[in-house]
Amino acid sequence: MTNTDAYGHVRGESVYLDDIPLIYNTLFACVFDSPVAHGILKSVDLSQALKLKGVVSILLALDIPGVNQIGGIVPDEPLLAEGHVHFQGMPIALVLAETEEIAQAAAKKIKVVIDPLEIITDPRIAFEKNELIIPPKKFKMGDSDLAFKDCVHVFSGRADVNGQEHLYIETQGAYSVPMEGGGIKIYSSTQGPTAVQRTVARVTGLPMHRIEVEVGRLGGGFGGKEDQASSWACLCALGTLLTNRPVKYSLHRMEDMRMTGKRHPYSADFKIGLNKDLNIQAYEVVFYQNAGAAADLSPAVLERTLFHCTNSYFIPHVTATAYSCRTNLPPNTAFRGFGGPQGMFVIESAITHAAEKLKISPSVIQRKNLITPGEEFPYGQKAESEAVTTWVQADSYFDFEKIISAAHDFNLKNKNKKRGVALMPICFGISFTKTLMNQARALVHVYTDGSVAVSTGAVEMGQGVNTKMQQVAAETFSISSGQVKVHSTNTLRVANTSPSAASATADLNGKAVLLACEAILNRLKIVAAEELNIPFHTDTIKIENGFVFHQNIQTKLDWKTLVNAAFVRRVNLSEHAHYATPGVHFDWTISKGHPFSYHVYGTAIIQVTLDCLRGIYEVDFVKGVHDYGKSMNTLIDQGQIEGGIVQGLGWMTMEELVYDVNGKLRSNALSSYKIPDIYSAPRTIDIQPLATTRENLAIFSSKAVGEPPLMYGIGAYFAIRDAIRAFNTNASPEYDAPFTPEKVLMALYDSEINKFHSHHSSH
Ligand code: LUZ
Ligand code: MOS
């Protein structure tokens, strides 16, 4: 089944926030945000802005009737600045005007006086100054101190990895509408409708039941709208509350890039120890997370960095420490992988560093240390590992040795073009690491014409979750998918939703849909037995392809007639179901538990070709074997894999987030921040499915697919490094992603540049 949204998307008929027909009397909002990254807000002068014709009102922190606080994990983030500003882009005032143009023009006329304070942009400096968002987190398994003493090879180093702009095609936005009796309805481009509802309630002082959040679909989220959609919804809601008019705010691209947080940059120190057989015995790592100016989701992201700090390897002695460092950048937030990819980049750097010192291929160390079933992760959960299986299958499909020796031959024949190859095994834990979030609800109605309406807490953001929910209902009732309609996500229909995040949305909400449909189905079977005058038994009565079957023989009773018969008998044709993932738990006092329902594994091989005169490169292919479980929808899953890979290698190669020392975002537009286009996508992506059959608790034995494939992109970094070393065997560039062409060029001519410099300085 193709994605049901494809038709509307291609014809431009899908409705996003900015496509909602304008409601009479709508006001348009625009934020005035801090031009300074850190300082004391002495005064705000609105007089010139208020003089503009069409400006209705300008709101400041003191106009907030509820609590001026939007922090989800730590209450450290005001909605509008009060007293202090902590980052460039921090909202200070909200202009409400009759048109968008007037609102934008008025914002430019606002003047502020800010006494500057010291600006920190580097997490290591923040750490030295003890600017920590939360106390440090630590994972410990075995005794790494002791284990290093027995290691034949010990290497240490540093790895840095930059952040990433989400660049959802649809920018952030919200549209709020006054409802009778003082309630507010908010259309929001959010992954977390309940987070929006809860935050708006806090800021407005209204109870949650007065606030309806409606989400049609998103033009991409990638984590950027897990928590950070709330500000715009709160601001619009405040506008509505204070003017009793609808308020709309759909951010311009540059506003969005400037004011929102991104993937967390990290800096890390590692130490890795191996025995003579190249088994990794010990690993120590310290992570400095650049959290930005407020906590946002940083503590949870930090935790996932620890959870994935050994990627898909078994290491018996691990000490991993993580610091969430407060800097004067916009608060960084969830981004596909949620800190996991950063942890994985560091262990891959450590392995590559060891391999280069030992003059062997990193793949030798990778292969040797893959985690096998029954071995333990540093957080106490035992692996049901497919790491070796995906590696071995990928090797047998694609023949690693053949690829590597072909690249080697190419390199012997070519002077200025070099090929590099890297293996990239991945392992990603599925479940929210915060156990309570692993729950979902669904509401299913069967109407008397036989059609079915489904509502869940899942947000459709291009990942195809609505199609999967439709499949679950259609398959469970055994009716055609056309008879099932999945509706918008709305907090009045489905309450207390977890955000659509952590790759778990289809898993969780799909199970809830299944439970709801099964409950209705059971009631319908009882009705069928009565209608057909046969004994009721759930196993002998079935509904298949729209007909009732008794002992595998089709009866005359069709779906629609059965539904009507149930209605006539006053049988309930609706169900609201709740699903909570069983068996997940974690104890942070000892940092051990069973946080994940299961893990997703895979192995990819990545090849790049480097132009050694220019430092530019192409990704020739990403091939591999990915653990899909039993895919519910291969087209959608392949789409997720291809998109994830390209997004991951964009992060590792060309996407360069630049803040200057004043905390100003320099890469603040699409002209200065480059994401992969079709020319920078791999020429070939060939990811074969490993159809695992293990009990994995996900819907219809599928496996989560949203985030894991992004991490194959990390291999691109190491493939580029391999190609550089084919050209310049002495090159040993720092582990510092992304590998932009500028950095590649410097690394290619590393020793020459050093020679040049020392030659000159000696004169
Ligand atoms: N969001 C979240 C996530 O709140 N908790 C998680 O564990 C998570 N993991 C991945 C992506 N988003
Ligand atoms: Mo996410 S990083 O699954 O919102």
# chains A, B, ... in the order shown; residues from 1 in each chain; ligands from 1
>>> residues_near_ligand(ligand="ligand 1", cutoff="10 Å", atoms="only C-alpha atoms and all ligand atoms", output="short mmCIF file (atom, residue, chain, number, x, y, z; two decimals) with all heavy atoms, in the first residue's frame")
data_model
loop_
_atom_site.label_atom_id
_atom_site.label_comp_id
_atom_site.auth_asym_id
_atom_site.auth_seq_id
_atom_site.Cartn_x
_atom_site.Cartn_y
_atom_site.Cartn_z
N ILE A 73 11.38 19.86 31.04
CA ILE A 73 12.06 19.00 32.01
C ILE A 73 12.53 19.82 33.20
O ILE A 73 12.37 19.43 34.34
CB ILE A 73 13.23 18.25 31.34
CG1 ILE A 73 12.71 17.33 30.21
CG2 ILE A 73 14.00 17.43 32.37
CD1 ILE A 73 13.78 16.58 29.45
N GLY A 192 4.08 17.15 19.33
CA GLY A 192 3.59 16.85 20.67
C GLY A 192 2.36 17.67 21.02
O GLY A 192 2.46 18.66 21.75
N PHE A 222 11.39 16.00 12.50
CA PHE A 222 12.76 15.54 12.78
C PHE A 222 13.20 15.78 14.22
O PHE A 222 14.39 15.79 14.51
CB PHE A 222 13.76 16.18 11.80
CG PHE A 222 13.37 16.03 10.35
CD1 PHE A 222 13.05 17.14 9.57
CD2 PHE A 222 13.27 14.77 9.78
CE1 PHE A 222 12.67 16.98 8.25
CE2 PHE A 222 12.89 14.60 8.45
CZ PHE A 222 12.59 15.72 7.68
N GLY A 223 12.24 16.00 15.12
CA GLY A 223 12.57 16.29 16.50
C GLY A 223 12.43 17.78 16.83
O GLY A 223 12.24 18.15 17.97
N GLY A 224 12.53 18.61 15.81
CA GLY A 224 12.48 20.06 16.02
C GLY A 224 11.15 20.55 16.54
O GLY A 224 11.05 21.63 17.09
N GLU A 226 9.26 18.46 18.57
CA GLU A 226 8.85 17.63 19.71
C GLU A 226 8.53 18.54 20.90
O GLU A 226 7.53 18.36 21.58
CB GLU A 226 9.96 16.63 20.10
CG GLU A 226 9.50 15.73 21.26
CD GLU A 226 10.51 14.69 21.71
OE1 GLU A 226 11.39 14.29 20.93
OE2 GLU A 226 10.40 14.25 22.87
N ASP A 227 9.36 19.53 21.12
CA ASP A 227 9.18 20.43 22.26
C ASP A 227 9.08 21.89 21.83
O ASP A 227 8.47 22.69 22.50
CB ASP A 227 10.39 20.29 23.21
CG ASP A 227 9.94 20.02 24.64
OD1 ASP A 227 8.92 19.33 24.80
OD2 ASP A 227 10.61 20.50 25.56
N LEU A 297 15.01 19.70 25.97
CA LEU A 297 15.07 18.24 26.11
C LEU A 297 16.50 17.75 26.36
O LEU A 297 16.75 16.53 26.36
CB LEU A 297 14.50 17.57 24.85
CG LEU A 297 12.98 17.67 24.69
CD1 LEU A 297 12.57 17.31 23.27
CD2 LEU A 297 12.27 16.73 25.66
N SER A 298 17.43 18.69 26.59
CA SER A 298 18.85 18.30 26.68
C SER A 298 19.13 17.17 27.67
O SER A 298 19.92 16.28 27.36
CB SER A 298 19.71 19.51 27.02
OG SER A 298 19.61 20.46 25.99
N PRO A 299 18.53 17.17 28.88
CA PRO A 299 18.84 16.07 29.80
C PRO A 299 18.49 14.70 29.21
O PRO A 299 19.25 13.74 29.37
CB PRO A 299 17.97 16.38 31.02
CG PRO A 299 17.79 17.87 30.99
CD PRO A 299 17.69 18.21 29.52
N ALA A 300 17.36 14.60 28.52
CA ALA A 300 16.96 13.32 27.92
C ALA A 300 17.87 12.96 26.74
O ALA A 300 18.22 11.79 26.53
CB ALA A 300 15.51 13.38 27.47
N VAL A 301 18.27 13.98 26.00
CA VAL A 301 19.19 13.76 24.88
C VAL A 301 20.53 13.25 25.41
O VAL A 301 21.13 12.32 24.85
CB VAL A 301 19.35 15.06 24.05
CG1 VAL A 301 20.46 14.94 23.02
CG2 VAL A 301 18.03 15.43 23.37
N LEU A 302 20.97 13.86 26.49
CA LEU A 302 22.23 13.47 27.14
C LEU A 302 22.18 11.99 27.53
O LEU A 302 23.16 11.24 27.35
CB LEU A 302 22.45 14.33 28.38
CG LEU A 302 23.83 14.27 29.03
CD1 LEU A 302 24.80 15.15 28.25
CD2 LEU A 302 23.78 14.74 30.48
N GLU A 303 21.06 11.59 28.06
CA GLU A 303 20.91 10.19 28.47
C GLU A 303 21.04 9.26 27.27
O GLU A 303 21.71 8.23 27.34
CB GLU A 303 19.55 9.98 29.14
CG GLU A 303 19.48 10.62 30.52
CD GLU A 303 18.05 10.76 31.07
OE1 GLU A 303 17.12 10.14 30.52
OE2 GLU A 303 17.89 11.50 32.05
N ARG A 304 20.42 9.64 26.16
CA ARG A 304 20.50 8.74 25.01
C ARG A 304 21.92 8.70 24.44
O ARG A 304 22.33 7.70 23.84
CB ARG A 304 19.46 9.10 23.94
CG ARG A 304 19.05 7.90 23.12
CD ARG A 304 17.97 8.22 22.11
NE ARG A 304 16.66 7.72 22.49
CZ ARG A 304 16.23 6.47 22.35
NH1 ARG A 304 17.05 5.54 21.87
NH2 ARG A 304 15.03 6.11 22.71
N PHE A 307 23.31 5.98 26.41
CA PHE A 307 22.75 4.68 26.02
C PHE A 307 23.41 4.13 24.75
O PHE A 307 23.47 2.93 24.55
CB PHE A 307 21.23 4.79 25.79
CG PHE A 307 20.43 4.79 27.07
CD1 PHE A 307 19.73 5.91 27.48
CD2 PHE A 307 20.40 3.66 27.87
CE1 PHE A 307 19.01 5.91 28.66
CE2 PHE A 307 19.67 3.65 29.06
CZ PHE A 307 18.97 4.77 29.46
N THR A 333 17.80 20.87 20.97
CA THR A 333 16.60 20.06 21.21
C THR A 333 16.70 18.69 20.54
O THR A 333 17.75 18.30 20.04
CB THR A 333 15.36 20.87 20.75
OG1 THR A 333 14.18 20.25 21.23
CG2 THR A 333 15.31 20.98 19.23
N ALA A 334 15.58 17.98 20.54
CA ALA A 334 15.52 16.68 19.89
C ALA A 334 15.87 16.80 18.42
O ALA A 334 15.50 17.77 17.76
CB ALA A 334 14.11 16.10 20.04
N PHE A 335 16.59 15.84 17.92
CA PHE A 335 16.82 15.72 16.48
C PHE A 335 17.07 14.24 16.19
O PHE A 335 17.98 13.65 16.75
CB PHE A 335 18.01 16.56 16.04
CG PHE A 335 18.10 16.79 14.54
CD1 PHE A 335 18.30 18.05 14.03
CD2 PHE A 335 17.94 15.75 13.63
CE1 PHE A 335 18.36 18.27 12.66
CE2 PHE A 335 17.99 15.95 12.26
CZ PHE A 335 18.20 17.22 11.77
N ARG A 336 16.24 13.70 15.31
CA ARG A 336 16.35 12.32 14.82
C ARG A 336 17.63 11.62 15.33
O ARG A 336 18.74 11.88 14.87
CB ARG A 336 16.34 12.33 13.30
CG ARG A 336 15.93 11.02 12.66
CD ARG A 336 15.83 11.21 11.17
NE ARG A 336 15.16 10.09 10.49
CZ ARG A 336 14.81 10.09 9.21
NH1 ARG A 336 15.05 11.14 8.46
NH2 ARG A 336 14.22 9.04 8.68
N GLY A 337 17.43 10.72 16.28
CA GLY A 337 18.54 10.01 16.91
C GLY A 337 18.75 10.45 18.35
O GLY A 337 19.24 9.70 19.17
N PHE A 338 18.39 11.74 18.63
CA PHE A 338 18.26 12.21 20.01
C PHE A 338 19.52 11.99 20.84
O PHE A 338 19.47 11.42 21.92
CB PHE A 338 17.06 11.44 20.62
CG PHE A 338 16.32 12.16 21.73
CD1 PHE A 338 15.53 13.26 21.48
CD2 PHE A 338 16.39 11.71 23.04
CE1 PHE A 338 14.82 13.90 22.49
CE2 PHE A 338 15.69 12.35 24.07
CZ PHE A 338 14.90 13.44 23.78
N GLY A 339 20.66 12.42 20.34
CA GLY A 339 21.90 12.27 21.10
C GLY A 339 22.62 10.96 20.83
O GLY A 339 23.83 10.86 21.04
N GLY A 340 21.90 9.96 20.39
CA GLY A 340 22.51 8.66 20.08
C GLY A 340 23.59 8.76 19.01
O GLY A 340 24.71 8.27 19.20
N PHE A 428 20.20 0.74 17.69
CA PHE A 428 19.41 1.81 18.30
C PHE A 428 18.31 1.21 19.16
O PHE A 428 17.59 0.32 18.73
CB PHE A 428 18.82 2.71 17.21
CG PHE A 428 18.39 4.06 17.72
CD1 PHE A 428 19.33 5.03 18.05
CD2 PHE A 428 17.04 4.37 17.87
CE1 PHE A 428 18.93 6.27 18.52
CE2 PHE A 428 16.65 5.61 18.34
CZ PHE A 428 17.59 6.57 18.66
N GLY A 429 18.22 1.69 20.38
CA GLY A 429 17.23 1.18 21.32
C GLY A 429 15.87 1.82 21.08
O GLY A 429 15.77 3.04 20.95
N ILE A 430 14.84 0.99 21.05
CA ILE A 430 13.49 1.50 20.77
C ILE A 430 12.65 1.50 22.04
O ILE A 430 12.47 0.44 22.68
CB ILE A 430 12.80 0.68 19.66
CG1 ILE A 430 13.64 0.68 18.39
CG2 ILE A 430 11.39 1.24 19.40
CD1 ILE A 430 13.96 2.04 17.79
N SER A 431 12.16 2.67 22.35
CA SER A 431 11.30 3.07 23.47
C SER A 431 11.77 4.43 23.89
O SER A 431 12.96 4.76 23.72
CB SER A 431 11.38 2.14 24.70
OG SER A 431 10.71 0.92 24.44
N PHE A 432 10.86 5.23 24.43
CA PHE A 432 11.28 6.45 25.08
C PHE A 432 12.10 6.02 26.29
O PHE A 432 11.70 5.11 27.03
CB PHE A 432 10.07 7.25 25.57
CG PHE A 432 9.29 7.92 24.48
CD1 PHE A 432 8.18 7.31 23.92
CD2 PHE A 432 9.65 9.17 24.02
CE1 PHE A 432 7.46 7.92 22.91
CE2 PHE A 432 8.93 9.80 23.02
CZ PHE A 432 7.83 9.17 22.46
N THR A 433 13.23 6.68 26.52
CA THR A 433 14.03 6.28 27.69
C THR A 433 13.33 6.70 28.97
O THR A 433 13.63 6.17 30.04
CB THR A 433 15.44 6.87 27.62
OG1 THR A 433 15.34 8.29 27.55
CG2 THR A 433 16.18 6.38 26.39
N LYS A 434 12.41 7.65 28.87
CA LYS A 434 11.57 7.99 30.01
C LYS A 434 10.37 7.04 29.95
O LYS A 434 9.47 7.18 29.10
CB LYS A 434 11.12 9.44 29.94
CG LYS A 434 10.50 9.94 31.23
CD LYS A 434 10.38 11.47 31.22
CE LYS A 434 9.70 12.00 32.45
NZ LYS A 434 10.43 11.73 33.70
N THR A 435 10.39 6.07 30.85
CA THR A 435 9.46 4.94 30.74
C THR A 435 8.00 5.36 30.62
O THR A 435 7.25 4.79 29.82
CB THR A 435 9.67 3.99 31.94
OG1 THR A 435 11.02 3.54 31.90
CG2 THR A 435 8.74 2.79 31.87
N MET A 437 6.57 7.60 29.17
CA MET A 437 6.13 8.08 27.86
C MET A 437 5.73 6.95 26.91
O MET A 437 5.16 7.20 25.85
CB MET A 437 7.23 8.93 27.22
CG MET A 437 7.48 10.25 27.95
SD MET A 437 8.93 11.12 27.33
CE MET A 437 8.23 11.99 25.92
N ASN A 438 6.02 5.72 27.31
CA ASN A 438 5.73 4.59 26.43
C ASN A 438 4.28 4.11 26.57
O ASN A 438 4.01 2.99 27.01
CB ASN A 438 6.72 3.46 26.68
CG ASN A 438 8.14 3.89 26.34
OD1 ASN A 438 8.43 4.14 25.17
ND2 ASN A 438 8.99 4.01 27.34
N SER A 498 1.81 11.03 24.08
CA SER A 498 3.26 11.21 24.03
C SER A 498 3.58 11.84 22.68
O SER A 498 2.83 11.63 21.72
CB SER A 498 3.97 9.86 24.14
OG SER A 498 3.94 9.41 25.47
N PRO A 499 4.66 12.59 22.59
CA PRO A 499 4.99 13.16 21.29
C PRO A 499 5.26 12.07 20.27
O PRO A 499 5.63 10.95 20.62
CB PRO A 499 6.25 13.97 21.57
CG PRO A 499 6.83 13.39 22.82
CD PRO A 499 5.67 12.91 23.62
N SER A 500 5.04 12.40 19.02
CA SER A 500 5.43 11.47 17.96
C SER A 500 6.93 11.58 17.82
O SER A 500 7.45 12.51 17.22
CB SER A 500 4.71 11.81 16.66
OG SER A 500 3.37 11.44 16.79
N ALA A 501 7.62 10.62 18.41
CA ALA A 501 9.07 10.73 18.55
C ALA A 501 9.62 9.35 18.93
O ALA A 501 8.86 8.40 19.11
CB ALA A 501 9.43 11.74 19.64
N ALA A 502 10.95 9.31 19.02
CA ALA A 502 11.65 8.11 19.49
C ALA A 502 11.42 6.90 18.58
O ALA A 502 11.54 5.75 19.02
CB ALA A 502 11.27 7.79 20.94
N SER A 503 11.05 7.14 17.35
CA SER A 503 10.80 6.07 16.36
C SER A 503 9.65 5.17 16.77
O SER A 503 9.41 4.14 16.13
CB SER A 503 12.04 5.19 16.12
OG SER A 503 13.14 5.98 15.77
N ALA A 504 8.95 5.50 17.84
CA ALA A 504 8.03 4.54 18.45
C ALA A 504 6.57 4.84 18.15
O ALA A 504 5.68 4.17 18.69
CB ALA A 504 8.27 4.54 19.96
N PRO A 595 15.62 -0.39 29.54
CA PRO A 595 14.88 0.78 29.03
C PRO A 595 14.20 0.53 27.69
O PRO A 595 13.23 1.22 27.37
CB PRO A 595 15.97 1.84 28.89
CG PRO A 595 17.24 1.07 28.73
CD PRO A 595 17.07 -0.19 29.53
N PHE A 596 14.72 -0.43 26.92
CA PHE A 596 14.23 -0.54 25.54
C PHE A 596 13.41 -1.81 25.34
O PHE A 596 13.77 -2.89 25.82
CB PHE A 596 15.40 -0.52 24.55
CG PHE A 596 16.20 0.76 24.63
CD1 PHE A 596 17.55 0.73 24.94
CD2 PHE A 596 15.59 1.98 24.44
CE1 PHE A 596 18.29 1.90 25.03
CE2 PHE A 596 16.32 3.16 24.53
CZ PHE A 596 17.67 3.12 24.82
N GLY A 706 12.16 4.90 12.08
CA GLY A 706 12.34 6.34 11.89
C GLY A 706 13.76 6.84 12.04
O GLY A 706 14.29 7.51 11.16
N GLU A 707 14.37 6.53 13.16
CA GLU A 707 15.68 7.13 13.44
C GLU A 707 16.89 6.27 13.04
O GLU A 707 17.88 6.81 12.56
CB GLU A 707 15.78 7.48 14.94
CG GLU A 707 14.81 8.56 15.35
CD GLU A 707 14.71 8.68 16.86
OE1 GLU A 707 14.14 7.78 17.50
OE2 GLU A 707 15.20 9.68 17.40
N PRO A 708 16.86 4.96 13.28
CA PRO A 708 18.09 4.18 13.10
C PRO A 708 18.84 4.40 11.79
O PRO A 708 20.08 4.55 11.82
CB PRO A 708 17.62 2.73 13.25
CG PRO A 708 16.42 2.82 14.14
CD PRO A 708 15.75 4.12 13.76
#
>>> residues_around(residues="His550 in chain A", least_positions_apart="2", cutoff="10 Å", atoms="only C-alpha atoms", output="PyMOL selection string")
chain A and resi 528-529+532+534-537+539-543+547-548+552-555
>>> select_by_dssp(residues="range 500-722 of chain A", states="strand (DSSP E)", output="PyMOL selection string")
chain A and resi 541-544+547-550+553-558+574-580+585-587+592-594+598-611+616-627+684-690
>>> residues_around(residues="Glu356 in chain A", least_positions_apart="2", cutoff="12 Å", atoms="only C-alpha atoms", output="number ranges by chain")
A: 155, 349-354, 358-365, 718, 721-722, 725, 729-733
>>> write_last_selection(atoms="N, CA and C atoms", output="short mmCIF file (atom, residue, chain, number, x, y, z; two decimals), in the first residue's frame")
data_model
loop_
_atom_site.label_atom_id
_atom_site.label_comp_id
_atom_site.auth_asym_id
_atom_site.auth_seq_id
_atom_site.Cartn_x
_atom_site.Cartn_y
_atom_site.Cartn_z
N PHE A 155 44.64 3.79 23.50
CA PHE A 155 44.72 5.04 22.73
C PHE A 155 43.70 6.02 23.28
N SER A 349 34.96 7.03 16.14
CA SER A 349 36.24 7.76 16.06
C SER A 349 37.32 7.02 16.85
N ALA A 350 36.94 6.54 18.03
CA ALA A 350 37.90 5.83 18.88
C ALA A 350 38.40 4.56 18.19
N ILE A 351 37.49 3.83 17.58
CA ILE A 351 37.88 2.59 16.88
C ILE A 351 38.77 2.91 15.69
N THR A 352 38.39 3.95 14.94
CA THR A 352 39.19 4.33 13.77
C THR A 352 40.59 4.79 14.21
N HIS A 353 40.62 5.55 15.29
CA HIS A 353 41.89 6.04 15.82
C HIS A 353 42.80 4.86 16.19
N ALA A 354 42.24 3.88 16.89
CA ALA A 354 43.01 2.69 17.27
C ALA A 354 43.49 1.95 16.03
N LEU A 358 47.28 1.14 14.75
CA LEU A 358 47.70 -0.25 14.62
C LEU A 358 47.91 -0.64 13.16
N LYS A 359 47.65 0.29 12.26
CA LYS A 359 47.80 0.07 10.81
C LYS A 359 46.97 -1.12 10.33
N ILE A 360 45.73 -1.14 10.78
CA ILE A 360 44.78 -2.14 10.28
C ILE A 360 43.51 -1.40 9.87
N SER A 361 42.63 -2.13 9.22
CA SER A 361 41.36 -1.51 8.84
C SER A 361 40.44 -1.45 10.07
N PRO A 362 39.75 -0.31 10.25
CA PRO A 362 38.82 -0.23 11.39
C PRO A 362 37.80 -1.37 11.38
N SER A 363 37.50 -1.88 10.20
CA SER A 363 36.47 -2.94 10.10
C SER A 363 36.88 -4.20 10.86
N VAL A 364 38.20 -4.41 11.01
CA VAL A 364 38.67 -5.58 11.77
C VAL A 364 38.23 -5.46 13.23
N ILE A 365 38.43 -4.27 13.78
CA ILE A 365 38.03 -4.05 15.18
C ILE A 365 36.51 -4.05 15.30
N PHE A 718 33.79 8.50 7.89
CA PHE A 718 34.98 7.64 7.97
C PHE A 718 35.41 7.15 6.59
N ARG A 721 37.52 9.97 5.38
CA ARG A 721 38.82 9.90 6.06
C ARG A 721 39.72 8.83 5.41
N ASP A 722 39.11 7.71 5.08
CA ASP A 722 39.84 6.62 4.43
C ASP A 722 40.40 7.08 3.08
N ARG A 725 43.39 9.38 3.44
CA ARG A 725 44.61 8.66 3.79
C ARG A 725 45.15 7.83 2.63
N THR A 729 49.12 9.45 3.14
CA THR A 729 49.15 8.41 4.17
C THR A 729 49.45 8.98 5.56
N ASN A 730 50.05 10.17 5.58
CA ASN A 730 50.37 10.75 6.89
C ASN A 730 49.22 11.54 7.50
N ALA A 731 48.19 11.74 6.70
CA ALA A 731 47.11 12.60 7.18
C ALA A 731 46.48 11.99 8.43
N SER A 732 46.30 12.83 9.41
CA SER A 732 45.61 12.37 10.61
C SER A 732 44.76 13.53 11.14
N PRO A 733 43.75 13.89 10.34
CA PRO A 733 42.93 15.04 10.74
C PRO A 733 42.23 14.77 12.06
#
>>> select_by_dssp(residues="range 135-382 of chain A", states="alpha helix (DSSP H)", output="MDAnalysis selection string")
chainID A and resid 144:149 193:204 230:243 253:259 298:307 340:358 362:368
>>> residues_around(residues="Leu521 in chain A", least_positions_apart="4", cutoff="9 Å", atoms="only C-alpha atoms", output="compact mmCIF listing (two decimals) with N, CA and C atoms, in the first residue's frame")
# COMPACT_ATOMS: atom_id res chain seq x y z
N THR A 476 -7.13 -5.60 10.66
CA THR A 476 -7.79 -6.22 11.81
C THR A 476 -9.25 -6.51 11.50
N PHE A 477 -9.91 -5.58 10.86
CA PHE A 477 -11.32 -5.82 10.48
C PHE A 477 -11.43 -6.61 9.18
N ALA A 516 -8.17 -1.50 20.11
CA ALA A 516 -9.52 -0.94 19.93
C ALA A 516 -10.30 -1.75 18.89
N CYS A 517 -9.65 -2.04 17.77
CA CYS A 517 -10.34 -2.79 16.70
C CYS A 517 -10.69 -4.20 17.17
N LYS A 525 -18.41 -10.32 16.40
CA LYS A 525 -18.47 -11.79 16.20
C LYS A 525 -19.63 -12.39 16.99
N ILE A 526 -19.88 -11.83 18.16
CA ILE A 526 -21.02 -12.32 18.96
C ILE A 526 -22.32 -12.05 18.20
N ILE A 543 -13.87 -12.66 10.21
CA ILE A 543 -14.29 -11.73 9.17
C ILE A 543 -13.13 -11.63 8.20
>>> decode(residues="range 301-314 of chain A", atoms="C-alpha atoms", output="CSV table (one decimal), in the first residue's frame")
chain,number,residue,atom,x,y,z
A,301,VAL,CA,19.2,13.8,24.9
A,302,LEU,CA,22.2,13.5,27.1
A,303,GLU,CA,20.9,10.2,28.5
A,304,ARG,CA,20.5,8.7,25.0
A,305,THR,CA,24.1,9.7,24.2
A,306,LEU,CA,25.1,7.5,27.1
A,307,PHE,CA,22.8,4.7,26.0
A,308,HIS,CA,24.4,4.6,22.6
A,309,CYS,CA,28.0,5.3,23.5
A,310,THR,CA,29.1,1.8,22.7
A,311,ASN,CA,27.0,1.6,19.5
A,312,SER,CA,26.6,-2.1,18.5
A,313,TYR,CA,29.7,-3.3,20.3
A,314,PHE,CA,30.2,-5.3,23.5
